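Working notes, beginning with the structure itself.
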Amino acid sequence: MPRTPRFRRVVRVGPVQVATYYDDRGREKHTAACTAPGCGFAADYDSRAAAELAARTHRCRVR
Ligand SMILES: [Zn+2]
């Protein structure tokens, strides 16, 4: 079974995308991922607030 998370509530904070999805155990997870080419920042968080905070405070090295 392919693991394709369904992203919901996708928002953009600068170059960073924040989304909520359910992992393979059905638990709500929150991810922040930078879309700037070559940056590679991406992290999962247990709370939406933490993911959005990470997005807002992300200092992208690719400008
Ligand atoms: Zn970045």
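In the structure tokens, chains take the letters A, B, ... in the order shown, each chain's residues start at 1, and ligands count up from 1 in the order shown.
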Neighbour list for Arg61 of chain A as a compact mmCIF listing (two decimals) with C-alpha atoms, in the first residue's frame, cut-off 12 Å, only C-alpha atoms, skip fewer than 3 positions in-chain:
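Final file, result_5.txt:
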```txt
# COMPACT_ATOMS: atom_id res chain seq x y z
CA PRO A 15 8.72 29.86 0.94
CA CYS A 34 10.48 24.73 2.41
CA THR A 35 9.77 24.91 -1.30
CA ALA A 36 12.90 26.85 -2.21
CA PRO A 37 15.06 24.76 -4.52
CA GLY A 38 18.15 23.55 -2.74
CA CYS A 39 16.99 24.38 0.76
CA GLY A 40 15.74 21.00 1.86
CA PHE A 41 14.16 22.13 5.11
CA HIS A 58 12.57 29.49 9.12
```
If DSSP is run on the backbone, what residues of chain A are alpha helix (DSSP H)? A reply as a list in words would be ideal.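 Residues meeting the alpha helix (DSSP H) criterion: Arg48, Ala49, Ala50, Ala51, Glu52, Leu53, Ala54, Ala55, Arg56 and Thr57 of chain A.
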Residue selection dump (N, CA and C atoms) as a PDB file, in the first residue's frame:
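Listed below is the output, result.pdb:
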```
ATOM      1  N   ARG A  48      -0.102  21.793  15.099  1.00  0.00           N
ATOM      2  CA  ARG A  48      -0.166  22.753  14.003  1.00  0.00           C
ATOM      3  C   ARG A  48       0.573  24.034  14.370  1.00  0.00           C
ATOM      4  N   ALA A  49       0.439  24.442  15.614  1.00  0.00           N
ATOM      5  CA  ALA A  49       1.084  25.673  16.052  1.00  0.00           C
ATOM      6  C   ALA A  49       2.594  25.568  15.923  1.00  0.00           C
ATOM      7  N   ALA A  50       3.122  24.405  16.269  1.00  0.00           N
ATOM      8  CA  ALA A  50       4.563  24.219  16.184  1.00  0.00           C
ATOM      9  C   ALA A  50       5.028  24.261  14.733  1.00  0.00           C
ATOM     10  N   ALA A  51       4.250  23.665  13.849  1.00  0.00           N
ATOM     11  CA  ALA A  51       4.621  23.665  12.437  1.00  0.00           C
ATOM     12  C   ALA A  51       4.587  25.073  11.866  1.00  0.00           C
ATOM     13  N   GLU A  52       3.558  25.830  12.249  1.00  0.00           N
ATOM     14  CA  GLU A  52       3.457  27.192  11.725  1.00  0.00           C
ATOM     15  C   GLU A  52       4.529  28.083  12.310  1.00  0.00           C
ATOM     16  N   LEU A  53       4.868  27.844  13.563  1.00  0.00           N
ATOM     17  CA  LEU A  53       5.951  28.619  14.170  1.00  0.00           C
ATOM     18  C   LEU A  53       7.268  28.331  13.464  1.00  0.00           C
ATOM     19  N   ALA A  54       7.505  27.074  13.169  1.00  0.00           N
ATOM     20  CA  ALA A  54       8.730  26.699  12.471  1.00  0.00           C
ATOM     21  C   ALA A  54       8.783  27.344  11.094  1.00  0.00           C
ATOM     22  N   ALA A  55       7.631  27.411  10.445  1.00  0.00           N
ATOM     23  CA  ALA A  55       7.583  28.023   9.115  1.00  0.00           C
ATOM     24  C   ALA A  55       7.893  29.512   9.213  1.00  0.00           C
ATOM     25  N   ARG A  56       7.311  30.153  10.210  1.00  0.00           N
ATOM     26  CA  ARG A  56       7.506  31.600  10.342  1.00  0.00           C
ATOM     27  C   ARG A  56       8.943  31.944  10.723  1.00  0.00           C
ATOM     28  N   THR A  57       9.572  31.071  11.473  1.00  0.00           N
ATOM     29  CA  THR A  57      10.911  31.377  11.953  1.00  0.00           C
ATOM     30  C   THR A  57      11.991  30.798  11.057  1.00  0.00           C
TER      31      THR A  57
END
```
Just the number, please: distance in Å from atom CA of Gly14 of chain A to atom CA of Gly26 of chain A, one decimal.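 That distance, rounded to one decimal, is 28.8 Å.
Our summary of the geometry notes that atom CA of Arg9 of chain A is positioned 19.3 Å from atom CA of Arg25 of chain A.
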Close residues, Val18 of chain A itself excluded, 6 Å, only C-alpha atoms, min 2 positions apart in chain, as a PyMOL selection string: chain A and resi 10-11+31-32
Between atom CA of Ala42 of chain A and atom CA of Asp23 of chain A - distance in Å to one decimal: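 Computed distance, atom CA of Asp23 of chain A to atom CA of Ala42 of chain A, equals 15.8 Å.
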A:Ala19, A:Arg27, A:Arg8, A:Ala33 ranked by distance to Cys60 of chain A, top pick (using only C-alpha atoms):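 Under the stated criterion, the closest residue is A:Ala33.
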To test your reading of the structure, identify every residue in chain A that backbone DSSP assigns to strand (DSSP E), and report it as a ChimeraX atom specification. /A:8-13,16-22,28-34,42-45
Write out the residues from the selection above, keeping N, CA and C atoms, as a compact mmCIF listing (two decimals), in the first residue's frame.
```txt
# COMPACT_ATOMS: atom_id res chain seq x y z
N ARG A 8 -3.85 18.38 4.01
CA ARG A 8 -5.01 19.25 4.18
C ARG A 8 -4.53 20.58 4.76
N ARG A 9 -5.39 21.56 4.61
CA ARG A 9 -5.13 22.88 5.19
C ARG A 9 -3.71 23.35 4.83
N VAL A 10 -3.41 23.29 3.56
CA VAL A 10 -2.08 23.70 3.12
C VAL A 10 -2.02 25.23 3.06
N VAL A 11 -1.06 25.77 3.75
CA VAL A 11 -0.85 27.21 3.67
C VAL A 11 0.63 27.47 3.39
N ARG A 12 0.89 28.64 2.89
CA ARG A 12 2.25 29.04 2.59
C ARG A 12 2.66 30.16 3.53
N VAL A 13 3.82 30.01 4.11
CA VAL A 13 4.39 31.07 4.92
C VAL A 13 5.73 31.39 4.30
N VAL A 16 7.84 28.57 2.79
CA VAL A 16 7.57 27.33 3.51
C VAL A 16 6.09 26.96 3.41
N GLN A 17 5.84 25.71 3.11
CA GLN A 17 4.48 25.21 3.09
C GLN A 17 4.20 24.45 4.37
N VAL A 18 3.06 24.76 4.97
CA VAL A 18 2.62 24.04 6.16
C VAL A 18 1.38 23.24 5.80
N ALA A 19 1.33 22.01 6.22
CA ALA A 19 0.18 21.17 5.90
C ALA A 19 -0.08 20.21 7.04
N THR A 20 -1.31 19.79 7.10
CA THR A 20 -1.73 18.80 8.09
C THR A 20 -2.10 17.52 7.36
N TYR A 21 -1.67 16.40 7.90
CA TYR A 21 -2.05 15.13 7.28
C TYR A 21 -2.19 14.07 8.36
N TYR A 22 -2.71 12.94 7.95
CA TYR A 22 -2.83 11.83 8.88
C TYR A 22 -1.81 10.77 8.51
N GLU A 28 -3.05 12.66 13.52
CA GLU A 28 -2.85 13.93 12.87
C GLU A 28 -1.40 14.37 13.02
N LYS A 29 -0.78 14.72 11.91
CA LYS A 29 0.59 15.22 11.94
C LYS A 29 0.63 16.51 11.16
N HIS A 30 1.66 17.30 11.48
CA HIS A 30 1.77 18.59 10.84
C HIS A 30 3.18 18.72 10.29
N THR A 31 3.27 19.19 9.09
CA THR A 31 4.56 19.26 8.46
C THR A 31 4.84 20.66 7.94
N ALA A 32 6.09 21.04 8.00
CA ALA A 32 6.54 22.29 7.42
C ALA A 32 7.65 21.95 6.45
N ALA A 33 7.53 22.40 5.23
CA ALA A 33 8.52 22.07 4.22
C ALA A 33 8.81 23.29 3.36
N CYS A 34 10.08 23.58 3.22
CA CYS A 34 10.48 24.73 2.41
C CYS A 34 10.46 24.33 0.94
N ALA A 42 12.63 20.48 5.95
CA ALA A 42 11.33 19.82 6.09
C ALA A 42 11.31 19.13 7.44
N ALA A 43 10.20 19.29 8.15
CA ALA A 43 10.11 18.68 9.47
C ALA A 43 8.66 18.41 9.81
N ASP A 44 8.46 17.40 10.62
CA ASP A 44 7.12 17.06 11.09
C ASP A 44 6.95 17.51 12.53
N TYR A 45 5.75 17.89 12.87
CA TYR A 45 5.46 18.36 14.21
C TYR A 45 4.17 17.73 14.71
```
